[in-house]
file data.cif (mmCIF, C-alpha atoms and all ligand atoms)
data_model
#
loop_
_atom_site.label_atom_id
_atom_site.label_comp_id
_atom_site.auth_asym_id
_atom_site.auth_seq_id
_atom_site.Cartn_x
_atom_site.Cartn_y
_atom_site.Cartn_z
CA MET U 1 0.00 0.00 0.00
CA TYR U 2 2.79 2.43 0.86
CA SER U 3 5.53 1.19 -1.40
CA ASN U 4 4.48 3.13 -4.52
CA ASN U 5 4.95 6.49 -2.89
CA ARG U 6 8.51 7.52 -2.12
CA ASN U 7 7.36 10.05 0.43
CA LYS U 8 5.42 7.52 2.42
CA PRO U 9 7.08 5.52 5.19
CA ARG U 10 8.70 2.32 3.99
CA VAL U 11 6.75 -0.59 5.28
CA SER U 12 8.28 -4.04 5.07
CA SER U 13 5.48 -6.41 4.46
CA ASN U 14 6.93 -9.68 3.33
CA ARG U 15 8.99 -12.27 5.05
CA ASN U 16 11.95 -11.96 2.70
CA SER U 17 12.86 -8.41 3.54
CA ARG U 18 14.76 -8.99 6.72
CA PRO U 19 16.10 -5.79 8.20
CA LYS U 20 19.01 -6.02 10.59
CA GLU U 21 18.37 -5.09 14.18
CA ARG U 22 20.61 -2.30 15.39
CA PRO U 23 21.67 -2.56 19.02
CA SER U 24 20.06 0.01 21.28
CA GLN U 25 22.22 2.65 22.96
CA ASN U 26 20.57 1.96 26.27
CA ALA U 27 21.85 -1.35 27.63
CA LYS U 28 18.93 -1.73 30.02
CA LYS U 29 16.38 -1.33 27.29
CA VAL U 30 17.58 -3.70 24.62
CA SER U 31 14.55 -5.35 23.13
CA LYS U 32 14.95 -9.08 22.66
CA LEU U 33 12.86 -8.97 19.53
CA ASP U 34 14.14 -9.77 16.10
CA PRO U 35 12.23 -7.34 13.83
CA SER U 36 12.17 -9.89 11.03
CA LEU U 37 9.73 -11.91 13.10
CA LEU U 38 7.32 -9.00 13.09
CA VAL U 39 6.66 -9.13 9.37
CA LYS U 40 3.93 -11.52 8.40
CA LYS U 41 0.84 -11.61 6.21
CA ALA U 42 -2.44 -12.35 7.90
CA GLU U 43 -3.75 -15.83 7.32
CA SER U 44 -7.24 -14.70 7.97
CA SER U 45 -9.69 -17.48 8.48
CA GLY U 46 -12.46 -14.89 8.42
CA GLU U 47 -15.75 -15.18 10.22
CA ALA U 48 -16.00 -18.81 9.19
CA GLY U 49 -12.90 -19.79 11.18
CA PHE U 50 -14.01 -17.82 14.19
CA ARG U 51 -17.56 -19.08 14.32
CA THR U 52 -18.80 -22.59 13.99
CA GLU U 53 -22.07 -23.62 12.40
CA THR U 54 -23.50 -24.75 15.73
CA PRO U 55 -26.33 -22.53 16.96
CA PHE U 56 -26.74 -21.83 20.68
CA HIS U 57 -30.20 -23.40 20.89
CA THR U 58 -28.62 -26.86 20.55
CA LEU U 59 -27.45 -26.36 24.13
CA LYS U 60 -30.90 -26.13 25.73
CA LEU U 61 -30.12 -22.93 27.58
CA HIS U 62 -32.56 -20.80 29.55
CA THR U 63 -34.85 -19.01 27.07
CA ALA U 64 -33.99 -15.55 28.39
CA LEU U 65 -30.29 -16.30 27.90
CA LEU U 66 -30.92 -17.52 24.34
CA LYS U 67 -32.85 -14.34 23.66
CA ASN U 68 -30.00 -12.21 25.02
CA LEU U 69 -27.48 -14.07 22.86
CA GLU U 70 -29.66 -13.41 19.85
CA ASN U 71 -29.98 -9.73 20.74
CA LYS U 72 -26.21 -9.48 20.92
CA GLY U 73 -25.99 -10.92 17.41
CA TYR U 74 -24.32 -14.14 18.56
CA GLU U 75 -25.89 -16.44 15.99
CA SER U 76 -23.68 -19.46 16.38
CA MET U 77 -20.95 -20.52 18.77
CA THR U 78 -17.30 -19.67 18.34
CA SER U 79 -14.91 -22.58 18.32
CA ILE U 80 -14.00 -22.28 22.00
CA GLN U 81 -17.66 -21.95 22.97
CA GLU U 82 -18.55 -25.06 21.02
CA GLN U 83 -15.85 -27.07 22.77
CA THR U 84 -16.25 -25.81 26.32
CA ILE U 85 -19.84 -24.91 27.18
CA SER U 86 -21.18 -28.48 27.29
CA PRO U 87 -18.49 -29.91 29.60
CA LEU U 88 -18.72 -26.79 31.76
CA LEU U 89 -22.48 -27.25 32.09
CA GLU U 90 -21.70 -30.76 33.34
CA GLY U 91 -19.50 -29.25 36.04
CA ARG U 92 -16.09 -30.16 34.62
CA ASP U 93 -12.97 -28.10 35.26
CA LEU U 94 -11.43 -26.47 32.23
CA LEU U 95 -8.01 -25.55 30.96
CA GLY U 96 -8.56 -23.23 28.01
CA ILE U 97 -5.59 -22.18 25.93
CA SER U 98 -6.89 -19.46 23.72
CA ASN U 99 -5.85 -16.16 22.29
CA THR U 100 -7.82 -13.06 23.00
CA GLY U 101 -10.77 -12.47 20.73
CA SER U 102 -11.82 -16.12 20.61
CA GLY U 103 -15.10 -15.58 22.46
CA LYS U 104 -13.82 -17.06 25.72
CA THR U 105 -15.71 -14.60 27.92
CA ALA U 106 -19.10 -15.87 26.81
CA ALA U 107 -17.70 -19.43 26.95
CA PHE U 108 -17.37 -19.15 30.72
CA LEU U 109 -20.24 -16.75 31.38
CA ILE U 110 -22.92 -18.85 29.71
CA PRO U 111 -22.43 -21.85 32.05
CA ILE U 112 -22.20 -19.46 35.01
CA ILE U 113 -25.53 -17.85 34.11
CA GLU U 114 -27.14 -21.27 33.62
CA GLN U 115 -25.97 -22.46 37.02
CA ALA U 116 -27.02 -19.22 38.68
CA MET U 117 -30.52 -19.58 37.24
CA LYS U 118 -30.78 -23.13 38.62
CA ASN U 119 -29.90 -22.05 42.13
CA PRO U 120 -30.10 -18.25 42.38
CA LYS U 121 -30.28 -18.09 46.17
CA VAL U 122 -27.02 -19.93 46.71
CA PHE U 123 -24.88 -19.84 43.58
CA SER U 124 -22.10 -17.37 43.05
CA ALA U 125 -19.02 -17.32 40.85
CA LEU U 126 -15.75 -15.41 41.03
CA VAL U 127 -13.80 -14.25 38.00
CA VAL U 128 -10.24 -13.09 38.64
CA THR U 129 -8.47 -11.03 35.98
CA PRO U 130 -5.06 -9.39 35.77
CA THR U 131 -6.34 -5.94 34.83
CA ARG U 132 -9.08 -3.58 35.85
CA GLU U 133 -10.20 -2.95 32.28
CA LEU U 134 -10.67 -6.63 31.60
CA ALA U 135 -12.67 -7.02 34.81
CA LEU U 136 -15.03 -4.21 33.80
CA GLN U 137 -15.49 -5.70 30.35
CA ILE U 138 -16.37 -9.09 31.75
CA GLU U 139 -19.03 -7.62 33.99
CA GLU U 140 -20.40 -5.66 31.04
CA GLU U 141 -20.68 -8.88 29.02
CA PHE U 142 -22.35 -10.61 31.99
CA LYS U 143 -24.91 -7.83 32.29
CA SER U 144 -25.87 -8.01 28.65
CA LEU U 145 -26.02 -11.81 28.62
CA SER U 146 -28.13 -11.97 31.80
CA LYS U 147 -30.40 -9.03 31.05
CA GLY U 148 -33.85 -9.38 32.60
CA MET U 149 -32.84 -12.52 34.53
CA ASN U 150 -32.62 -10.91 37.95
CA LEU U 151 -28.98 -11.84 38.48
CA HIS U 152 -26.58 -9.48 40.21
CA SER U 153 -22.92 -8.76 39.69
CA ALA U 154 -20.18 -6.43 40.90
CA THR U 155 -16.61 -5.59 39.94
CA PHE U 156 -13.97 -5.00 42.60
CA ILE U 157 -10.78 -3.43 41.32
CA GLY U 158 -7.94 -1.31 42.63
CA GLY U 159 -7.90 2.43 42.06
CA THR U 160 -11.56 2.83 42.99
CA ASN U 161 -13.26 3.87 46.22
CA ILE U 162 -13.54 0.81 48.44
CA ASN U 163 -16.65 2.21 50.15
CA THR U 164 -18.57 1.59 46.94
CA ASP U 165 -17.49 -2.05 47.17
CA PHE U 166 -18.85 -2.34 50.72
CA LYS U 167 -22.22 -1.19 49.45
CA ALA U 168 -22.23 -3.59 46.53
CA LEU U 169 -21.42 -6.48 48.88
CA GLU U 170 -24.58 -5.94 50.90
CA LYS U 171 -26.52 -7.60 48.10
CA LYS U 172 -26.47 -11.26 47.06
CA LEU U 173 -24.06 -11.37 44.11
CA HIS U 174 -24.19 -14.09 41.49
CA LEU U 175 -21.01 -12.92 39.83
CA VAL U 176 -18.03 -11.18 41.37
CA VAL U 177 -15.30 -9.98 39.03
CA GLY U 178 -12.07 -8.40 40.17
CA THR U 179 -8.33 -8.01 40.28
CA PRO U 180 -6.39 -10.05 42.86
CA GLY U 181 -5.30 -7.25 45.22
CA ARG U 182 -8.72 -5.73 45.81
CA LEU U 183 -10.41 -9.13 46.06
CA LEU U 184 -7.96 -10.21 48.76
CA ASP U 185 -8.37 -6.91 50.57
CA LEU U 186 -12.16 -7.40 50.71
CA SER U 187 -11.72 -11.02 51.77
CA ASN U 188 -9.28 -10.02 54.56
CA ARG U 189 -11.84 -7.52 55.81
CA LYS U 190 -14.32 -10.42 55.95
CA LEU U 191 -16.66 -8.65 53.57
CA LEU U 192 -16.19 -10.92 50.60
CA HIS U 193 -16.81 -14.52 51.67
CA LEU U 194 -14.63 -16.56 49.36
CA ASN U 195 -15.51 -19.72 51.26
CA LYS U 196 -19.05 -19.50 49.92
CA ILE U 197 -18.15 -19.23 46.25
CA GLU U 198 -18.19 -22.51 44.34
CA THR U 199 -17.17 -21.52 40.83
CA LEU U 200 -13.84 -19.87 40.01
CA VAL U 201 -12.59 -18.48 36.72
CA LEU U 202 -8.95 -17.45 36.38
CA ASP U 203 -8.77 -15.39 33.21
CA GLU U 204 -5.51 -14.52 31.41
CA PHE U 205 -3.65 -16.67 33.91
CA ASP U 206 -0.26 -16.24 32.21
CA ARG U 207 -0.67 -12.45 32.45
CA MET U 208 -1.50 -12.71 36.12
CA LEU U 209 1.71 -14.60 36.76
CA ASP U 210 3.70 -12.16 34.60
CA MET U 211 2.32 -9.30 36.63
CA GLY U 212 3.49 -10.87 39.86
CA PHE U 213 0.09 -11.97 41.19
CA VAL U 214 1.11 -15.56 41.85
CA HIS U 215 0.90 -15.34 45.66
CA ASP U 216 -2.36 -13.42 45.61
CA VAL U 217 -3.87 -15.95 43.22
CA LYS U 218 -2.76 -18.84 45.44
CA LYS U 219 -4.30 -17.16 48.48
CA LEU U 220 -7.57 -16.59 46.66
CA VAL U 221 -7.68 -20.17 45.42
CA ASN U 222 -6.88 -21.59 48.86
CA SER U 223 -9.59 -19.51 50.54
CA MET U 224 -12.24 -21.00 48.28
CA VAL U 225 -12.76 -24.14 50.34
CA ARG U 226 -16.12 -24.95 48.73
CA ARG U 227 -14.78 -24.53 45.21
CA ASN U 228 -16.16 -27.26 42.99
CA GLN U 229 -15.55 -25.92 39.50
CA THR U 230 -12.53 -24.05 38.18
CA MET U 231 -11.90 -22.68 34.72
CA LEU U 232 -8.46 -21.42 33.82
CA PHE U 233 -7.77 -19.48 30.64
CA SER U 234 -4.34 -18.61 29.37
CA ALA U 235 -3.00 -17.36 26.05
CA THR U 236 0.22 -19.28 26.54
CA LEU U 237 1.13 -22.39 28.45
CA GLU U 238 4.63 -22.55 29.83
CA ALA U 239 6.24 -25.65 31.31
CA GLY U 240 7.07 -23.75 34.50
CA GLN U 241 3.38 -23.17 35.20
CA LYS U 242 2.39 -26.82 34.94
CA ASP U 243 2.66 -27.76 38.62
CA LEU U 244 0.69 -24.75 39.72
CA ILE U 245 -2.03 -25.37 37.14
CA ASP U 246 -2.19 -29.05 38.10
CA SER U 247 -2.69 -28.07 41.73
CA ILE U 248 -5.60 -25.78 40.85
CA LEU U 249 -7.52 -27.92 38.35
CA GLN U 250 -9.02 -31.35 38.81
CA ASP U 251 -9.17 -33.61 35.78
CA PRO U 252 -9.84 -30.65 33.48
CA VAL U 253 -11.15 -30.72 29.94
CA GLU U 254 -8.34 -29.25 27.89
CA VAL U 255 -9.22 -27.03 24.98
CA LYS U 256 -6.74 -25.35 22.75
CA VAL U 257 -8.25 -22.96 20.29
CA SER U 258 -5.15 -21.59 18.66
CA SER U 259 -1.62 -22.47 19.51
CA GLY U 260 -0.53 -20.52 22.56
CA GLY U 261 2.28 -18.08 21.92
CA THR U 262 1.82 -17.49 18.22
CA ALA U 263 0.84 -14.03 17.09
CA SER U 264 -2.71 -13.69 15.92
CA GLN U 265 -3.15 -15.19 12.48
CA ASN U 266 -5.67 -12.52 11.61
CA VAL U 267 -3.16 -9.70 11.74
CA ASP U 268 -1.08 -8.31 8.88
CA GLN U 269 2.22 -7.54 10.55
CA GLU U 270 4.64 -5.00 9.13
CA ILE U 271 7.61 -2.93 10.21
CA ILE U 272 8.71 0.59 9.36
CA ARG U 273 12.43 1.22 9.51
CA VAL U 274 13.30 4.64 10.84
CA ARG U 275 16.52 5.81 9.22
CA GLU U 276 19.06 7.92 10.97
CA GLY U 277 17.99 11.56 11.01
CA GLU U 278 14.39 10.72 10.15
CA GLU U 279 11.68 12.06 12.37
CA LYS U 280 9.60 9.22 13.67
CA PHE U 281 6.66 11.43 14.51
CA SER U 282 6.33 12.74 10.98
CA LEU U 283 6.45 9.17 9.65
CA LEU U 284 3.63 8.40 12.04
CA THR U 285 1.47 11.32 10.98
CA GLN U 286 1.95 10.37 7.32
CA LEU U 287 0.45 7.00 8.11
CA PHE U 288 -2.69 8.74 9.27
CA GLU U 289 -3.30 10.05 5.73
CA ASP U 290 -4.70 6.58 5.17
CA GLN U 291 -8.38 6.88 6.06
CA GLN U 292 -8.53 3.16 6.80
CA MET U 293 -6.58 3.92 9.94
CA ASP U 294 -9.74 4.83 11.74
CA ARG U 295 -9.32 3.16 15.12
CA VAL U 296 -5.71 2.90 16.12
CA ILE U 297 -3.93 1.90 19.32
CA ILE U 298 -0.35 3.17 19.57
CA PHE U 299 1.89 1.53 22.15
CA THR U 300 4.88 3.16 23.76
CA GLU U 301 7.32 1.67 26.26
CA THR U 302 7.10 4.51 28.77
CA LYS U 303 4.33 6.58 30.34
CA ARG U 304 6.24 9.76 29.61
CA LEU U 305 6.45 9.07 25.92
CA ALA U 306 2.77 8.12 25.90
CA ASP U 307 1.93 11.51 27.43
CA ARG U 308 4.10 13.37 24.95
CA LEU U 309 2.91 11.45 21.92
CA SER U 310 -0.76 11.92 22.72
CA LYS U 311 -0.22 15.66 23.13
CA LYS U 312 1.67 15.93 19.84
CA LEU U 313 -1.01 13.99 17.99
CA ASN U 314 -3.72 16.26 19.34
CA HIS U 315 -1.68 19.31 18.28
CA SER U 316 -1.41 17.97 14.77
CA GLY U 317 -5.15 17.46 14.53
CA ILE U 318 -5.24 13.69 15.16
CA LYS U 319 -7.57 13.25 18.11
CA SER U 320 -6.09 10.90 20.64
CA GLY U 321 -6.81 9.55 24.07
CA LEU U 322 -4.30 8.17 26.52
CA ILE U 323 -4.09 5.38 29.06
CA HIS U 324 -1.30 4.26 31.30
CA GLY U 325 -0.67 3.18 34.84
CA ASN U 326 -0.38 6.69 36.31
CA LYS U 327 -3.86 7.65 35.20
CA SER U 328 -6.80 7.17 37.52
CA GLN U 329 -9.30 4.42 36.81
CA ASN U 330 -11.98 6.98 36.01
CA PHE U 331 -9.73 8.71 33.52
CA ARG U 332 -8.83 5.38 31.88
CA ASN U 333 -12.47 4.35 31.62
CA ARG U 334 -13.38 7.68 30.03
CA MET U 335 -10.54 7.38 27.49
CA ILE U 336 -11.63 3.86 26.52
CA GLU U 337 -15.26 4.97 26.23
CA GLU U 338 -14.34 7.89 23.92
CA PHE U 339 -12.21 5.61 21.80
CA LYS U 340 -14.95 2.99 21.58
CA LYS U 341 -17.47 5.60 20.48
CA GLY U 342 -15.08 6.88 17.81
CA GLU U 343 -14.74 10.29 19.46
CA THR U 344 -10.98 9.79 19.37
CA ARG U 345 -9.22 8.11 16.46
CA VAL U 346 -6.21 7.02 18.45
CA LEU U 347 -5.56 5.57 21.88
CA VAL U 348 -1.98 5.95 23.06
CA ALA U 349 -1.16 3.32 25.64
CA THR U 350 1.51 1.55 27.58
CA ASP U 351 1.30 -2.22 28.08
CA VAL U 352 -1.42 -1.77 30.71
CA ALA U 353 -3.86 -1.54 27.83
CA ALA U 354 -2.56 -4.56 25.98
CA ARG U 355 -4.08 -7.01 28.40
CA GLY U 356 -7.51 -8.10 27.56
CA ILE U 357 -9.15 -4.93 26.38
CA ASP U 358 -11.88 -5.81 23.95
CA ILE U 359 -12.59 -2.88 21.70
CA ALA U 360 -14.38 -3.86 18.54
CA ASP U 361 -12.87 -3.04 15.16
CA VAL U 362 -9.46 -1.71 16.13
CA SER U 363 -8.08 -1.22 12.61
CA HIS U 364 -4.40 -0.89 13.50
CA VAL U 365 -1.99 -1.46 16.33
CA ILE U 366 1.19 0.61 16.09
CA ASN U 367 4.25 -0.13 18.16
CA TYR U 368 5.92 3.26 18.29
CA GLN U 369 8.86 1.52 19.93
CA LEU U 370 9.96 -2.09 19.61
CA PRO U 371 8.36 -4.01 22.49
CA MET U 372 10.75 -5.62 24.95
CA THR U 373 9.51 -9.17 24.51
CA MET U 374 7.62 -11.32 22.02
CA ASP U 375 5.01 -11.95 24.66
CA SER U 376 4.27 -8.27 25.00
CA TYR U 377 4.19 -7.96 21.20
CA ILE U 378 1.66 -10.78 20.89
CA HIS U 379 -0.64 -9.30 23.48
CA ARG U 380 -0.44 -5.88 21.88
CA ILE U 381 -1.23 -6.94 18.35
CA GLY U 382 -4.04 -9.12 19.68
CA ARG U 383 -6.04 -5.88 20.14
CA THR U 384 -6.69 -5.91 16.40
CA GLY U 385 -7.84 -8.71 14.09
CA ARG U 386 -10.51 -9.78 16.55
CA ALA U 387 -13.73 -11.66 16.05
CA GLY U 388 -12.52 -13.14 12.77
CA LYS U 389 -11.60 -9.81 11.16
CA THR U 390 -8.26 -8.89 9.63
CA GLY U 391 -6.25 -6.29 11.50
CA ARG U 392 -2.90 -4.61 10.89
CA ALA U 393 0.09 -4.18 13.15
CA ILE U 394 2.90 -1.77 12.32
CA THR U 395 6.09 -1.67 14.35
CA PHE U 396 8.67 1.11 14.17
CA VAL U 397 12.21 -0.21 14.12
CA ASN U 398 15.33 1.94 14.38
P1 LIG W 1 -13.55 -12.49 23.87
O1 LIG W 1 -12.53 -13.48 23.37
O2 LIG W 1 -14.42 -13.05 24.91
O3 LIG W 1 -12.89 -11.20 24.26
O4 LIG W 1 -14.55 -12.16 22.65
C1 LIG W 1 -14.12 -11.53 21.46
C2 LIG W 1 -15.25 -10.86 20.71
O5 LIG W 1 -16.12 -11.83 20.13
C3 LIG W 1 -16.15 -9.99 21.57
O6 LIG W 1 -16.34 -8.77 20.89
C4 LIG W 1 -17.45 -10.74 21.68
O7 LIG W 1 -18.54 -9.86 21.79
C5 LIG W 1 -17.49 -11.51 20.38
N1 LIG W 1 -18.21 -12.80 20.45
C6 LIG W 1 -18.16 -13.72 21.44
N2 LIG W 1 -18.92 -14.78 21.16
C7 LIG W 1 -19.48 -14.55 19.95
C8 LIG W 1 -20.37 -15.30 19.10
N3 LIG W 1 -20.81 -16.51 19.42
N4 LIG W 1 -20.72 -14.74 17.93
C9 LIG W 1 -20.26 -13.53 17.57
N5 LIG W 1 -19.42 -12.77 18.32
C10 LIG W 1 -19.03 -13.28 19.49
#

call {"tool": "encode", "arguments": {"input": "data.cif", "output": "structure tokens", "more": "lines below"}}
Ligand code: AMP
result
Amino acid sequence: MYSNNRNKPRVSSNRNSRPKERPSQNAKKVSKLDPSLLVKKAESSGEAGFRTETPFHTLKLHTALLKNLENKGYESMTSIQEQTISPLLEGRDLLGISNTGSGKTAAFLIPIIEQAMKNPKVFSALVVTPTRELALQIEEEFKSLSKGMNLHSATFIGGTNINTDFKALEKKLHLVVGTPGRLLDLSNRKLLHLNKIETLVLDEFDRMLDMGFVHDVKKLVNSMVRRNQTMLFSATLEAGQKDLIDSILQDPVEVKVSSGGTASQNVDQEIIRVREGEEKFSLLTQLFEDQQMDRVIIFTETKRLADRLSKKLNHSGIKSGLIHGNKSQNFRNRMIEEFKKGETRVLVATDVAARGIDIADVSHVINYQLPMTMDSYIHRIGRTGRAGKTGRAITFVN
């Protein structure tokens, strides 16, 4: 697309053009990534690969739930839903290895809603996620799937006023979603009774471990003495995690939707080499002449650069929002909302945003700097090319 115009940034878009990686000046910040691995054509399977032919009514779900699925436009199951919902309805544990965007949220929420409807006075489930944004999204999905069914939910995450949580806990909750720290805090205060919750979902388990939540997760799991069903989802499965996973799950059904660790097949991956003396920012703004770049997430390595970049984009007439770890939860929520509604064209983010945010139709992910690890790269580019659509990822390489 760009190669015919000499003034446009040079985008490498086939596997044979293998640029050499130049060592970084800053020894602490040497990315381990080989840029040649970041050039790949999408092997889009399209909607057909994402969804199966199996309609939800084959599952004999509650009619209100079926209606809600229909209203959401979920006509047939995705591959992970087809493989997991039945065994989960039977009460089996689950180990789900799946990339983001596979439909895993509904895969675990549908059985939870079914069980809650069977025993609404007693049943409750806990979903633990690594990030606040993901927790909020899961509750949002639960609310729309259980609309009109008289089920109650709450999200407990850091960075918010804990008094609001106390209030929410006065009511019988069928679903509790949260991040490990806040959940433990509420449990330690004897306000959240983990010993009464029977169903546990650990979402983005590998992320949780990466983010240093291993002890918190163990404490949560051990406090759930009445736990009789556990579902664990992870994008990757590393040998070092095996013992821990084995200690959490009992005879789980194992479902692998796409091979853990590989970058999304639905994403066209390209690099732009920034030559000495070239201004990266002007290369970036040139990209925005392409009107197809209508919903773009730009990742930076540092919060400071994210701040600066967002400001510069706004000055040059490209409306951008910003999220990173120093911003309050309210501010982050507002930025995501504006981006979702299309009020901003760009969301500048640090890795905080790479984990589990589900924003429909992100057209492009841009790595303004080379990510430090392949894992971080995979999670970032997974923000585009979701729900069977083709996305594009562009990475700037010095
Ligand atoms: P998730 O992997 O749970 O983040 O889901 C990825 C996207 O797929 C979300 O935007 C969901 O709303 C959507 N989705 C989930 N299940 C279905 C389905 N059966 N049919 C169509 N879209 C779905």

call {"tool": "residues_near_point", "arguments": {"input": "data.cif", "point": "(-7.6, -7.9, 17.5)", "cutoff": "10 Å", "atoms": "all atoms listed in the file", "output": "MDAnalysis selection string"}}
result
chainID U and resid 99:102 264:267 357:365 379:393

call {"tool": "residues_around", "arguments": {"input": "data.cif", "residues": "region 230-245 of chain U", "least_positions_apart": "5", "cutoff": "8 Å", "atoms": "all atoms listed in the file", "output": "mmCIF file with C-alpha atoms, in the frame of the given file"}}
result
data_model
loop_
_atom_site.group_PDB
_atom_site.id
_atom_site.type_symbol
_atom_site.label_atom_id
_atom_site.label_comp_id
_atom_site.auth_asym_id
_atom_site.auth_seq_id
_atom_site.Cartn_x
_atom_site.Cartn_y
_atom_site.Cartn_z
ATOM 1 C CA ARG U 92 -16.090 -30.160 34.620
ATOM 2 C CA ASP U 93 -12.970 -28.100 35.260
ATOM 3 C CA LEU U 94 -11.430 -26.470 32.230
ATOM 4 C CA LEU U 95 -8.010 -25.550 30.960
ATOM 5 C CA GLY U 96 -8.560 -23.230 28.010
ATOM 6 C CA ILE U 97 -5.590 -22.180 25.930
ATOM 7 C CA SER U 98 -6.890 -19.460 23.720
ATOM 8 C CA ASN U 99 -5.850 -16.160 22.290
ATOM 9 C CA THR U 100 -7.820 -13.060 23.000
ATOM 10 C CA PHE U 108 -17.370 -19.150 30.720
ATOM 11 C CA THR U 199 -17.170 -21.520 40.830
ATOM 12 C CA LEU U 200 -13.840 -19.870 40.010
ATOM 13 C CA VAL U 201 -12.590 -18.480 36.720
ATOM 14 C CA LEU U 202 -8.950 -17.450 36.380
ATOM 15 C CA ASP U 203 -8.770 -15.390 33.210
ATOM 16 C CA GLU U 204 -5.510 -14.520 31.410
ATOM 17 C CA PHE U 205 -3.650 -16.670 33.910
ATOM 18 C CA ASP U 206 -0.260 -16.240 32.210
ATOM 19 C CA ARG U 207 -0.670 -12.450 32.450
ATOM 20 C CA SER U 259 -1.620 -22.470 19.510
ATOM 21 C CA GLY U 260 -0.530 -20.520 22.560
ATOM 22 C CA GLY U 261 2.280 -18.080 21.920
#

call {"tool": "atom_distance", "arguments": {"input": "data.cif", "atom1": "CA of Val348 (chain U)", "atom2": "CA of Val214 (chain U)"}}
result
28.7 Å

call {"tool": "atom_distance", "arguments": {"input": "data.cif", "atom1": "CA of Lys121 (chain U)", "atom2": "CA of Ser86 (chain U)"}}
result
23.4 Å

call {"tool": "closest_residue", "arguments": {"input": "data.cif", "among": "U:Ile110, U:Ile366, U:Val221, U:Leu37", "to": "Ile197 (chain U)", "atoms": "all atoms listed in the file"}}
result
U:Val221

call {"tool": "closest_atom_pairs", "arguments": {"input": "data.cif", "of": "region 97-146 of chain U", "to": "region 306-328 of chain U", "cutoff": "12 Å", "atoms": "all atoms listed in the file", "output": "CSV"}}
result
residue,atom,partner,partner_atom,distance
U:Thr131,CA,U:Gly325,CA,10.7
U:Arg132,CA,U:Gly325,CA,10.8
U:Glu133,CA,U:Ile323,CA,10.8

call {"tool": "axis_aligned_box", "arguments": {"input": "data.cif", "around": "ligand LIG 1 (chain W)", "padding_each_side": "6 Å", "output": "AutoDock Vina command-line options"}}
result
--center_x -16.7 --center_y -12.6 --center_z 21.2 --size_x 20.3 --size_y 19.7 --size_z 19.3

call {"tool": "closest_residue", "arguments": {"input": "data.cif", "among": "U:Met77, U:Val39, U:Val176, U:Leu65", "to": "ligand LIG 1 (chain W)", "atoms": "only C-alpha atoms and all ligand atoms"}}
result
U:Met77

call {"tool": "atom_distance", "arguments": {"input": "data.cif", "atom1": "CA of Arg345 (chain U)", "atom2": "CA of Asp290 (chain U)"}}
result
12.3 Å

call {"tool": "residues_around", "arguments": {"input": "data.cif", "residues": "Ile113 (chain U)", "least_positions_apart": "4", "cutoff": "8 Å", "atoms": "only C-alpha atoms", "output": "PyMOL selection string"}}
result
chain U and resi 65+109+117+146

call {"tool": "closest_atom_pairs", "arguments": {"input": "data.cif", "of": "region 251-302 of chain U", "to": "region 368-374 of chain U", "cutoff": "12 Å", "atoms": "only C-alpha atoms", "output": "JSON lines"}}
result
{"residue": "U:Gly261", "atom": "CA", "partner": "U:Met374", "partner_atom": "CA", "distance": 8.6}
{"residue": "U:Thr262", "atom": "CA", "partner": "U:Met374", "partner_atom": "CA", "distance": 9.3}
{"residue": "U:Ala263", "atom": "CA", "partner": "U:Met374", "partner_atom": "CA", "distance": 8.8}
{"residue": "U:Ile271", "atom": "CA", "partner": "U:Leu370", "partner_atom": "CA", "distance": 9.7}
{"residue": "U:Ile272", "atom": "CA", "partner": "U:Tyr368", "partner_atom": "CA", "distance": 9.7}
{"residue": "U:Arg273", "atom": "CA", "partner": "U:Leu370", "partner_atom": "CA", "distance": 10.9}
{"residue": "U:Val274", "atom": "CA", "partner": "U:Tyr368", "partner_atom": "CA", "distance": 10.6}
{"residue": "U:Lys280", "atom": "CA", "partner": "U:Tyr368", "partner_atom": "CA", "distance": 8.4}
{"residue": "U:Phe281", "atom": "CA", "partner": "U:Tyr368", "partner_atom": "CA", "distance": 9.0}
{"residue": "U:Ser282", "atom": "CA", "partner": "U:Tyr368", "partner_atom": "CA", "distance": 12.0}
{"residue": "U:Leu283", "atom": "CA", "partner": "U:Tyr368", "partner_atom": "CA", "distance": 10.5}
{"residue": "U:Leu284", "atom": "CA", "partner": "U:Tyr368", "partner_atom": "CA", "distance": 8.4}
{"residue": "U:Thr285", "atom": "CA", "partner": "U:Tyr368", "partner_atom": "CA", "distance": 11.8}
{"residue": "U:Val296", "atom": "CA", "partner": "U:Tyr368", "partner_atom": "CA", "distance": 11.8}
{"residue": "U:Ile297", "atom": "CA", "partner": "U:Tyr368", "partner_atom": "CA", "distance": 10.0}
{"residue": "U:Ile298", "atom": "CA", "partner": "U:Tyr368", "partner_atom": "CA", "distance": 6.4}
{"residue": "U:Phe299", "atom": "CA", "partner": "U:Tyr368", "partner_atom": "CA", "distance": 5.8}
{"residue": "U:Thr300", "atom": "CA", "partner": "U:Tyr368", "partner_atom": "CA", "distance": 5.6}
{"residue": "U:Glu301", "atom": "CA", "partner": "U:Gln369", "partner_atom": "CA", "distance": 6.5}
{"residue": "U:Thr302", "atom": "CA", "partner": "U:Gln369", "partner_atom": "CA", "distance": 9.5}

call {"tool": "residues_near_point", "arguments": {"input": "data.cif", "point": "(-27.1, -8.3, 40.1)", "cutoff": "10 Å", "atoms": "only C-alpha atoms", "output": "number ranges by chain"}}
result
U: 142-143, 146-147, 149-154, 168, 171-176

call {"tool": "closest_residue", "arguments": {"input": "data.cif", "among": "U:Leu66, U:Ala116, U:Leu249, U:Met224", "to": "ligand LIG 1 (chain W)", "atoms": "only C-alpha atoms and all ligand atoms"}}
result
U:Leu66
